[in-house]
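Chemist: Contents of protein_0.tsv (TSV, C-alpha atoms and all ligand atoms) are below:
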chain	number	residue	atom	x	y	z
H	168	MET	CA	-15.92	17.35	22.61
H	169	SER	CA	-17.03	17.59	26.19
H	170	ALA	CA	-18.89	20.63	27.42
H	171	HIS	CA	-17.35	20.08	30.84
H	172	GLU	CA	-14.38	21.88	32.31
H	173	VAL	CA	-11.27	19.74	32.01
H	174	VAL	CA	-8.01	20.54	33.80
H	175	GLU	CA	-5.07	18.44	32.57
H	176	LEU	CA	-2.58	18.33	35.43
H	177	ALA	CA	-0.12	16.08	33.63
H	178	PRO	CA	-0.34	13.95	30.50
H	179	GLY	CA	-3.14	11.48	31.27
H	180	ALA	CA	-4.20	13.09	34.59
H	181	PHE	CA	-7.39	15.11	34.36
H	182	HIS	CA	-9.58	16.90	36.89
H	183	LEU	CA	-13.16	17.46	35.77
H	184	PRO	CA	-14.66	19.84	38.34
H	185	GLY	CA	-18.43	19.60	38.75
H	186	TYR	CA	-18.66	16.73	36.29
H	187	LEU	CA	-21.79	15.34	37.97
H	188	SER	CA	-24.78	17.65	38.11
H	189	PRO	CA	-26.50	17.99	41.51
H	190	ALA	CA	-29.20	15.59	40.25
H	191	GLU	CA	-26.56	13.05	39.13
H	192	GLN	CA	-24.82	13.36	42.49
H	193	ARG	CA	-28.10	12.56	44.24
H	194	ARG	CA	-28.70	9.61	41.91
H	195	VAL	CA	-25.24	8.13	42.53
H	196	ALA	CA	-25.50	8.83	46.28
H	197	ALA	CA	-28.86	7.03	46.43
H	198	MET	CA	-27.27	3.98	44.79
H	199	VAL	CA	-24.40	4.08	47.27
H	200	ARG	CA	-26.87	4.23	50.18
H	201	ALA	CA	-28.78	1.24	48.78
H	202	LEU	CA	-25.56	-0.77	48.35
H	203	ALA	CA	-24.43	0.21	51.84
H	204	ALA	CA	-27.68	-1.16	53.25
H	205	GLY	CA	-27.21	-4.48	51.39
H	206	ALA	CA	-25.70	-7.72	52.65
H	207	ALA	CA	-22.13	-6.72	51.73
H	208	GLY	CA	-21.98	-3.07	52.75
H	209	PHE	CA	-19.16	-0.88	54.04
H	210	TYR	CA	-16.52	-2.31	56.35
H	211	ARG	CA	-13.20	-1.05	57.72
H	212	PRO	CA	-10.33	-2.90	55.99
H	213	GLN	CA	-7.42	-4.13	58.06
H	214	VAL	CA	-4.05	-4.05	56.32
H	215	ARG	CA	-1.33	-6.69	56.47
H	216	GLY	CA	0.51	-5.04	59.37
H	217	GLY	CA	-2.66	-5.30	61.48
H	218	GLY	CA	-3.62	-1.62	61.39
H	219	PHE	CA	-6.86	-0.35	59.99
H	220	MET	CA	-7.31	1.88	56.99
H	221	HIS	CA	-8.62	5.38	57.61
H	222	CYS	CA	-11.73	4.90	55.51
H	223	ASP	CA	-14.48	2.34	55.06
H	224	MET	CA	-14.69	0.39	51.83
H	225	LEU	CA	-17.32	-1.32	49.75
H	226	CYS	CA	-16.06	-3.19	46.71
H	227	LEU	CA	-18.21	-3.91	43.68
H	228	GLY	CA	-17.44	-6.34	40.86
H	229	ARG	CA	-14.38	-7.74	42.57
H	230	HIS	CA	-13.22	-7.41	46.15
H	231	TRP	CA	-9.88	-5.77	46.87
H	232	ASN	CA	-8.17	-7.67	49.69
H	233	ALA	CA	-6.29	-5.16	51.88
H	234	ARG	CA	-4.03	-7.87	53.33
H	235	THR	CA	-2.87	-9.40	50.07
H	236	TYR	CA	-3.34	-6.41	47.74
H	237	THR	CA	-5.11	-8.67	45.27
H	238	TYR	CA	-8.59	-8.83	43.80
H	239	GLU	CA	-10.85	-11.76	44.54
H	240	TRP	CA	-14.52	-12.67	44.27
H	241	GLN	CA	-15.22	-13.05	47.99
H	242	ARG	CA	-14.43	-10.73	50.89
H	243	SER	CA	-12.05	-13.31	52.33
H	244	ASP	CA	-10.32	-10.78	54.58
H	245	HIS	CA	-13.63	-9.70	56.08
H	246	ASP	CA	-16.82	-11.79	56.10
H	247	GLY	CA	-16.45	-14.14	53.11
H	248	ARG	CA	-19.46	-12.67	51.35
H	249	PRO	CA	-19.31	-12.33	47.58
H	250	ALA	CA	-18.53	-8.87	46.22
H	251	PRO	CA	-21.80	-7.44	44.90
H	252	PRO	CA	-21.95	-6.84	41.15
H	253	LEU	CA	-21.10	-3.41	39.75
H	254	PRO	CA	-24.37	-1.91	38.45
H	255	PRO	CA	-23.82	-0.52	34.92
H	256	GLU	CA	-25.91	2.55	35.76
H	257	LEU	CA	-23.48	3.38	38.57
H	258	ALA	CA	-20.50	3.06	36.22
H	259	ARG	CA	-21.99	5.10	33.38
H	260	PRO	CA	-20.62	8.53	34.45
H	261	ALA	CA	-17.11	7.08	34.85
H	262	VAL	CA	-17.21	5.72	31.30
H	263	SER	CA	-18.32	9.10	29.98
H	264	ALA	CA	-15.72	11.01	32.03
H	265	ALA	CA	-12.99	8.84	30.54
H	266	ALA	CA	-14.40	9.37	27.05
H	267	ALA	CA	-14.52	13.14	27.67
H	268	VAL	CA	-10.71	13.15	27.93
H	269	GLY	CA	-10.22	10.72	25.04
H	270	LEU	CA	-9.70	7.54	27.07
H	271	SER	CA	-11.57	4.26	27.04
H	272	LEU	CA	-12.66	2.43	30.19
H	273	VAL	CA	-14.84	-0.67	30.47
H	274	PRO	CA	-15.18	-0.76	34.26
H	275	ASP	CA	-15.82	-4.04	36.03
H	276	ILE	CA	-14.65	-2.99	39.50
H	277	CYS	CA	-15.58	-0.07	41.71
H	278	LEU	CA	-14.04	0.56	45.11
H	279	VAL	CA	-16.27	2.86	47.11
H	280	ASN	CA	-14.42	4.63	49.93
H	281	ARG	CA	-16.18	6.44	52.74
H	282	TYR	CA	-14.12	8.94	54.72
H	283	GLY	CA	-15.21	10.42	58.05
H	284	PRO	CA	-13.86	13.69	59.48
H	285	ASP	CA	-10.46	12.09	60.16
H	286	GLY	CA	-10.44	10.06	56.97
H	287	ARG	CA	-7.35	9.86	54.79
H	288	MET	CA	-5.41	7.54	52.52
H	289	GLY	CA	-1.64	7.40	52.23
H	290	LEU	CA	0.24	7.79	48.98
H	291	HIS	CA	-0.03	4.65	46.87
H	292	GLN	CA	-0.24	3.40	43.30
H	293	ASP	CA	-3.26	1.57	41.90
H	294	LYS	CA	-1.37	-1.39	40.51
H	295	ASP	CA	-3.29	-4.48	41.54
H	296	GLU	CA	-5.22	-4.79	38.31
H	297	ASP	CA	-3.98	-7.10	35.56
H	298	PRO	CA	-0.80	-5.92	33.76
H	299	SER	CA	-2.75	-5.81	30.50
H	300	THR	CA	-4.68	-2.73	31.67
H	301	LEU	CA	-1.75	-1.16	33.51
H	302	ASP	CA	0.49	-1.44	30.45
H	303	ALA	CA	-2.22	-0.05	28.18
H	304	GLY	CA	-2.85	2.92	30.50
H	305	VAL	CA	-6.53	2.11	30.87
H	306	PRO	CA	-7.63	4.81	33.31
H	307	VAL	CA	-8.91	4.71	36.85
H	308	VAL	CA	-11.76	7.20	37.15
H	309	SER	CA	-12.93	8.58	40.48
H	310	LEU	CA	-16.16	10.35	41.32
H	311	SER	CA	-16.35	12.36	44.53
H	312	LEU	CA	-19.45	12.95	46.61
H	313	GLY	CA	-20.14	14.81	49.85
H	314	ASP	CA	-17.36	16.58	51.73
H	315	THR	CA	-14.35	17.96	49.89
H	316	GLY	CA	-11.23	15.81	49.89
H	317	GLY	CA	-7.66	17.08	49.75
H	318	PHE	CA	-6.35	14.83	46.99
H	319	LEU	CA	-2.62	14.48	46.41
H	320	LEU	CA	-1.28	13.72	42.96
H	321	GLY	CA	2.31	12.59	42.90
H	322	GLY	CA	4.64	11.21	40.29
H	323	LEU	CA	5.74	7.73	39.30
H	324	ARG	CA	8.12	7.48	42.27
H	325	ARG	CA	6.97	7.74	45.86
H	326	ARG	CA	9.47	10.49	46.59
H	327	ASP	CA	8.25	12.72	43.75
H	328	ALA	CA	6.62	16.04	44.67
H	329	THR	CA	2.85	16.06	45.06
H	330	THR	CA	0.22	18.56	43.94
H	331	ALA	CA	-2.83	19.12	46.18
H	332	ILE	CA	-6.20	19.25	44.46
H	333	ALA	CA	-9.51	19.88	46.21
H	334	LEU	CA	-11.95	17.24	45.01
H	335	ARG	CA	-15.46	18.54	45.64
H	336	SER	CA	-18.78	16.80	45.43
H	337	GLY	CA	-19.49	16.02	41.80
H	338	ASP	CA	-15.88	16.16	40.61
H	339	ALA	CA	-14.38	13.44	38.46
H	340	PHE	CA	-10.69	12.62	38.28
H	341	VAL	CA	-9.08	10.49	35.57
H	342	MET	CA	-5.63	8.89	35.76
H	343	GLY	CA	-4.72	7.02	32.61
H	344	GLY	CA	-2.14	6.76	29.87
H	345	PRO	CA	1.29	7.79	31.20
H	346	SER	CA	-0.33	8.82	34.54
H	347	ARG	CA	-1.94	5.44	35.22
H	348	LEU	CA	0.61	4.51	37.86
H	349	ARG	CA	1.10	7.88	39.52
H	350	TYR	CA	1.22	7.89	43.28
H	351	HIS	CA	-1.80	9.53	44.84
H	352	GLY	CA	-3.62	9.77	48.16
H	353	VAL	CA	-6.08	11.71	50.25
H	354	ALA	CA	-4.47	14.03	52.80
H	355	ARG	CA	-7.65	15.10	54.54
H	356	VAL	CA	-11.34	15.72	54.39
H	357	LEU	CA	-13.03	19.06	55.08
H	358	PRO	CA	-15.89	18.11	57.41
H	359	GLY	CA	-19.23	19.73	56.70
H	360	SER	CA	-18.14	21.09	53.32
H	361	GLY	CA	-20.38	18.90	51.16
H	362	PRO	CA	-23.85	19.74	49.86
H	363	ALA	CA	-26.52	18.52	52.29
H	364	ALA	CA	-28.81	17.51	49.42
H	365	VAL	CA	-26.46	14.67	48.46
H	366	GLY	CA	-27.51	12.95	51.67
H	367	LEU	CA	-24.19	11.33	52.56
H	368	SER	CA	-22.15	11.97	55.66
H	369	GLY	CA	-18.44	12.58	55.16
H	370	ARG	CA	-16.75	12.08	51.80
H	371	VAL	CA	-17.46	9.19	49.46
H	372	SER	CA	-15.27	8.43	46.47
H	373	LEU	CA	-15.98	5.82	43.85
H	374	THR	CA	-12.97	4.61	41.88
H	375	PHE	CA	-13.83	2.66	38.75
H	376	ARG	CA	-11.32	0.28	37.29
H	377	GLN	CA	-11.03	-2.28	34.51
H	378	TYR	CA	-9.38	-5.45	35.71
H	379	ALA	CA	-8.02	-6.70	32.39
H	380	LEU	CA	-8.18	-6.07	28.67
H	381	GLU	CA	-10.49	-8.36	26.77
H	382	GLY	CA	-8.86	-11.73	26.15
H	383	HIS	CA	-6.52	-11.44	29.15
H	384	ALA	CA	-6.79	-12.70	32.72
H	385	THR	CA	-10.27	-13.24	34.14
H	401	LIG	C1	-8.05	5.84	46.05
H	401	LIG	O1	-6.97	6.21	45.66
H	401	LIG	O2	-8.31	4.66	46.06
H	401	LIG	C2	-9.10	6.81	46.51
H	401	LIG	C3	-8.93	8.18	46.01
H	401	LIG	C4	-10.03	9.09	46.48
H	401	LIG	O3	-10.67	8.82	47.50
H	401	LIG	O4	-10.26	10.11	45.82
H	402	MN	MN	-5.87	4.64	44.59
Can you turn what I pasted into structure tokens?
Modeler:
Amino acid sequence: MSAHEVVELAPGAFHLPGYLSPAEQRRVAAMVRALAAGAAGFYRPQVRGGGFMHCDMLCLGRHWNARTYTYEWQRSDHDGRPAPPLPPELARPAVSAAAAVGLSLVPDICLVNRYGPDGRMGLHQDKDEDPSTLDAGVPVVSLSLGDTGGFLLGGLRRRDATTAIALRSGDAFVMGGPSRLRYHGVARVLPGSGPAAVGLSGRVSLTFRQYALEGHAT
């Protein structure tokens, strides 16, 4: 059993407040800073209608193309650079957070989002991974760093009511099993609310995903 606080908001949807210790937050933040300074760092994705998202992204393992809503190896909607690999030591806390709520995740993708003071993300489903993982309810696990985000958890239909959850620096959130395809989004960020020691400006979330079950699509 986990020694961490676990709040089950719905079957398969778990909030783990303060899952990362301050030292772990600093370790993950240092890795994010190093990746951001690399050849394929953060960029502002442009969606298919031509508008820009309200956060910067950095994709690891596979690149998520904001125009086609598909995963690919190169950032073909940006600069053509290959998506950097996902370092196992970055993914480790996501694997353990999933295990803490009884779910299994072998992450090979991480989308790192960086939100400024006006950052947000509209309600959406994470459904661009292979059907083998979606059908099996393999979870998406997020880790939050820096400023607090006003996370919205909805239902399986866009029009379903949403619950607002403050995701603070160090929190983990797991959506798997019957909650794997719940709508969710980020309504706002509370500027200046994060711990200075983390050394990141704004809010950074890391969402870890498994593209496919073993033996399925590659
Ligand atoms: C996402 O849904 O991709 C991001 C969620 C978050 O930033 O917490
Ligand atoms: Mn999402």
Chemist: Measuring atom to atom with all atoms listed in the file, identify which of H:Ala204, H:Ala180, H:Leu334, H:Leu367 is nearest to ligand LIG 401 (chain H).
Modeler: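 Looking at the shortest contact to ligand LIG 401 (chain H), the residue is H:Leu334.
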Chemist: Rounded to one decimal in Å, what is the spacing between CA of Pro284 in chain H and CA of Gly317 in chain H?
Modeler: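 These atoms are spaced 12.0 Å apart.
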Chemist: 7 Å from ligand LIG 401 (chain H) is the threshold here; counting only C-alpha atoms and all ligand atoms, which polymer residues fall inside it? Answer as a list in words.
Modeler: Asn280, Ser309, Ser311, Phe318, His351, Gly352, Val353, Ser372 and Thr374 of chain H
Chemist: If we count all atoms listed in the file, what is near Arg242 in chain H at a cut-off of 8 Å, once residues fewer than 6 positions away on the same chain are taken out, given as a CSV table (one decimal) with C-alpha atoms, keeping the file's coordinate frame?
Modeler:
chain,number,residue,atom,x,y,z
H,230,HIS,CA,-13.2,-7.4,46.2
H,231,TRP,CA,-9.9,-5.8,46.9
H,232,ASN,CA,-8.2,-7.7,49.7
H,248,ARG,CA,-19.5,-12.7,51.4
H,249,PRO,CA,-19.3,-12.3,47.6
H,250,ALA,CA,-18.5,-8.9,46.2
Chemist: Around ligand MN 402 (chain H), at most 12 Å away and counting all atoms listed in the file, which residues are there? Put them as a short mmCIF file (atom, residue, chain, number, x, y, z; two decimals) with C-alpha atoms, in the coordinates of the input, please.
Modeler:
data_model
loop_
_atom_site.label_atom_id
_atom_site.label_comp_id
_atom_site.auth_asym_id
_atom_site.auth_seq_id
_atom_site.Cartn_x
_atom_site.Cartn_y
_atom_site.Cartn_z
CA TRP H 231 -9.88 -5.77 46.87
CA TYR H 236 -3.34 -6.41 47.74
CA CYS H 277 -15.58 -0.07 41.71
CA LEU H 278 -14.04 0.56 45.11
CA VAL H 279 -16.27 2.86 47.11
CA ASN H 280 -14.42 4.63 49.93
CA ARG H 287 -7.35 9.86 54.79
CA MET H 288 -5.41 7.54 52.52
CA GLY H 289 -1.64 7.40 52.23
CA LEU H 290 0.24 7.79 48.98
CA HIS H 291 -0.03 4.65 46.87
CA GLN H 292 -0.24 3.40 43.30
CA ASP H 293 -3.26 1.57 41.90
CA LYS H 294 -1.37 -1.39 40.51
CA ASP H 295 -3.29 -4.48 41.54
CA GLU H 296 -5.22 -4.79 38.31
CA PRO H 306 -7.63 4.81 33.31
CA VAL H 307 -8.91 4.71 36.85
CA VAL H 308 -11.76 7.20 37.15
CA SER H 309 -12.93 8.58 40.48
CA PHE H 318 -6.35 14.83 46.99
CA LEU H 319 -2.62 14.48 46.41
CA LEU H 320 -1.28 13.72 42.96
CA GLY H 321 2.31 12.59 42.90
CA PHE H 340 -10.69 12.62 38.28
CA VAL H 341 -9.08 10.49 35.57
CA MET H 342 -5.63 8.89 35.76
CA ARG H 347 -1.94 5.44 35.22
CA LEU H 348 0.61 4.51 37.86
CA ARG H 349 1.10 7.88 39.52
CA TYR H 350 1.22 7.89 43.28
CA HIS H 351 -1.80 9.53 44.84
CA GLY H 352 -3.62 9.77 48.16
CA VAL H 353 -6.08 11.71 50.25
CA SER H 372 -15.27 8.43 46.47
CA LEU H 373 -15.98 5.82 43.85
CA THR H 374 -12.97 4.61 41.88
CA PHE H 375 -13.83 2.66 38.75
CA ARG H 376 -11.32 0.28 37.29
#
Chemist: Scan for residues within 12 Å of the point (-24.3, 3.3, 37.5) in the coordinates of the file, using only C-alpha atoms, and reply as a PDB file with C-alpha atoms, in the frame of the given file.
Modeler:
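The result, stored in part-v1.pdb:
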ATOM      1  CA  GLU H 191     -26.560  13.050  39.130  1.00  0.00           C
ATOM      2  CA  GLN H 192     -24.820  13.360  42.490  1.00  0.00           C
ATOM      3  CA  ARG H 194     -28.700   9.610  41.910  1.00  0.00           C
ATOM      4  CA  VAL H 195     -25.240   8.130  42.530  1.00  0.00           C
ATOM      5  CA  ALA H 196     -25.500   8.830  46.280  1.00  0.00           C
ATOM      6  CA  ALA H 197     -28.860   7.030  46.430  1.00  0.00           C
ATOM      7  CA  MET H 198     -27.270   3.980  44.790  1.00  0.00           C
ATOM      8  CA  VAL H 199     -24.400   4.080  47.270  1.00  0.00           C
ATOM      9  CA  LEU H 202     -25.560  -0.770  48.350  1.00  0.00           C
ATOM     10  CA  LEU H 227     -18.210  -3.910  43.680  1.00  0.00           C
ATOM     11  CA  PRO H 252     -21.950  -6.840  41.150  1.00  0.00           C
ATOM     12  CA  LEU H 253     -21.100  -3.410  39.750  1.00  0.00           C
ATOM     13  CA  PRO H 254     -24.370  -1.910  38.450  1.00  0.00           C
ATOM     14  CA  PRO H 255     -23.820  -0.520  34.920  1.00  0.00           C
ATOM     15  CA  GLU H 256     -25.910   2.550  35.760  1.00  0.00           C
ATOM     16  CA  LEU H 257     -23.480   3.380  38.570  1.00  0.00           C
ATOM     17  CA  ALA H 258     -20.500   3.060  36.220  1.00  0.00           C
ATOM     18  CA  ARG H 259     -21.990   5.100  33.380  1.00  0.00           C
ATOM     19  CA  PRO H 260     -20.620   8.530  34.450  1.00  0.00           C
ATOM     20  CA  ALA H 261     -17.110   7.080  34.850  1.00  0.00           C
ATOM     21  CA  VAL H 262     -17.210   5.720  31.300  1.00  0.00           C
ATOM     22  CA  SER H 263     -18.320   9.100  29.980  1.00  0.00           C
ATOM     23  CA  PRO H 274     -15.180  -0.760  34.260  1.00  0.00           C
ATOM     24  CA  ASP H 275     -15.820  -4.040  36.030  1.00  0.00           C
ATOM     25  CA  ILE H 276     -14.650  -2.990  39.500  1.00  0.00           C
ATOM     26  CA  CYS H 277     -15.580  -0.070  41.710  1.00  0.00           C
ATOM     27  CA  LEU H 310     -16.160  10.350  41.320  1.00  0.00           C
ATOM     28  CA  LEU H 373     -15.980   5.820  43.850  1.00  0.00           C
ATOM     29  CA  PHE H 375     -13.830   2.660  38.750  1.00  0.00           C
TER      30      PHE H 375
END
Chemist: For Glu172 in chain H, which residue among H:Thr329, H:Asp338, H:Gly361, H:Ala233 is the nearest when counting all atoms listed in the file?
Modeler: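 The answer is H:Asp338, which sits nearest to Glu172 in chain H.
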Chemist: May I ask which of the residues H:His182, H:Arg200, H:Arg193, H:Arg234 is the closest one to Arg335 in chain H, counting only C-alpha atoms?
Modeler: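 Selected residue with least distance to Arg335 in chain H: H:His182.
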Chemist: What gap, in Å, lies between CA of Ser243 in chain H and CA of Gln377 in chain H?
Modeler: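 These two atoms are separated by 21.0 Å.
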Chemist: Counting only C-alpha atoms, which of H:Cys222, H:Ala333, H:Leu312, H:Ala206 gets nearest to Gly366 in chain H?
Modeler: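 Among H:Cys222, H:Ala333, H:Leu312, H:Ala206, it is H:Leu312 that comes nearest to Gly366 in chain H.
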Chemist: Please measure the separation of CA of Gly228 in chain H and CA of Gly269 in chain H, giving the value in Å to one decimal.
Modeler: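 Here the two named atoms are 24.4 Å from each other.
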Chemist: Box in all listed atoms of range 278-293 of chain H, axis-aligned, with 5 Å more on each side; write out centre and edge lengths in Å to one decimal as lines of an AutoDock Vina configuration file.
Modeler:
center_x = -8.0
center_y = 7.1
center_z = 51.0
size_x = 26.5
size_y = 23.1
size_z = 28.3
Chemist: Is there a way to complete range 336-348 of chain H with N, CA and C atoms and then write that out as an mmCIF file, keeping the file's coordinate frame?
Modeler:
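Written output follows (out.cif):
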data_model
loop_
_atom_site.group_PDB
_atom_site.id
_atom_site.type_symbol
_atom_site.label_atom_id
_atom_site.label_comp_id
_atom_site.auth_asym_id
_atom_site.auth_seq_id
_atom_site.Cartn_x
_atom_site.Cartn_y
_atom_site.Cartn_z
ATOM 1 N N SER H 336 -17.666 17.662 45.813
ATOM 2 C CA SER H 336 -18.780 16.800 45.430
ATOM 3 C C SER H 336 -19.141 17.022 43.972
ATOM 4 N N GLY H 337 -19.164 15.944 43.224
ATOM 5 C CA GLY H 337 -19.490 16.020 41.800
ATOM 6 C C GLY H 337 -18.290 16.016 40.887
ATOM 7 N N ASP H 338 -17.079 16.151 41.456
ATOM 8 C CA ASP H 338 -15.880 16.160 40.610
ATOM 9 C C ASP H 338 -15.536 14.750 40.127
ATOM 10 N N ALA H 339 -14.956 14.700 38.957
ATOM 11 C CA ALA H 339 -14.380 13.440 38.460
ATOM 12 C C ALA H 339 -12.880 13.636 38.310
ATOM 13 N N PHE H 340 -12.142 12.566 38.468
ATOM 14 C CA PHE H 340 -10.690 12.620 38.280
ATOM 15 C C PHE H 340 -10.293 11.382 37.483
ATOM 16 N N VAL H 341 -9.470 11.590 36.469
ATOM 17 C CA VAL H 341 -9.080 10.490 35.570
ATOM 18 C C VAL H 341 -7.559 10.366 35.599
ATOM 19 N N MET H 342 -7.081 9.162 35.838
ATOM 20 C CA MET H 342 -5.630 8.890 35.760
ATOM 21 C C MET H 342 -5.418 7.733 34.801
ATOM 22 N N GLY H 343 -4.940 8.068 33.604
ATOM 23 C CA GLY H 343 -4.720 7.020 32.610
ATOM 24 C C GLY H 343 -3.486 7.321 31.793
ATOM 25 N N GLY H 344 -3.300 6.567 30.740
ATOM 26 C CA GLY H 344 -2.140 6.760 29.870
ATOM 27 C C GLY H 344 -0.860 6.777 30.698
ATOM 28 N N PRO H 345 0.013 7.764 30.474
ATOM 29 C CA PRO H 345 1.290 7.790 31.200
ATOM 30 C C PRO H 345 1.124 8.119 32.689
ATOM 31 N N SER H 346 -0.091 8.515 33.114
ATOM 32 C CA SER H 346 -0.330 8.820 34.540
ATOM 33 C C SER H 346 -0.996 7.665 35.276
ATOM 34 N N ARG H 347 -1.179 6.539 34.600
ATOM 35 C CA ARG H 347 -1.940 5.440 35.220
ATOM 36 C C ARG H 347 -1.345 4.980 36.551
ATOM 37 N N LEU H 348 -0.024 5.036 36.643
ATOM 38 C CA LEU H 348 0.610 4.510 37.860
ATOM 39 C C LEU H 348 1.170 5.622 38.760
#
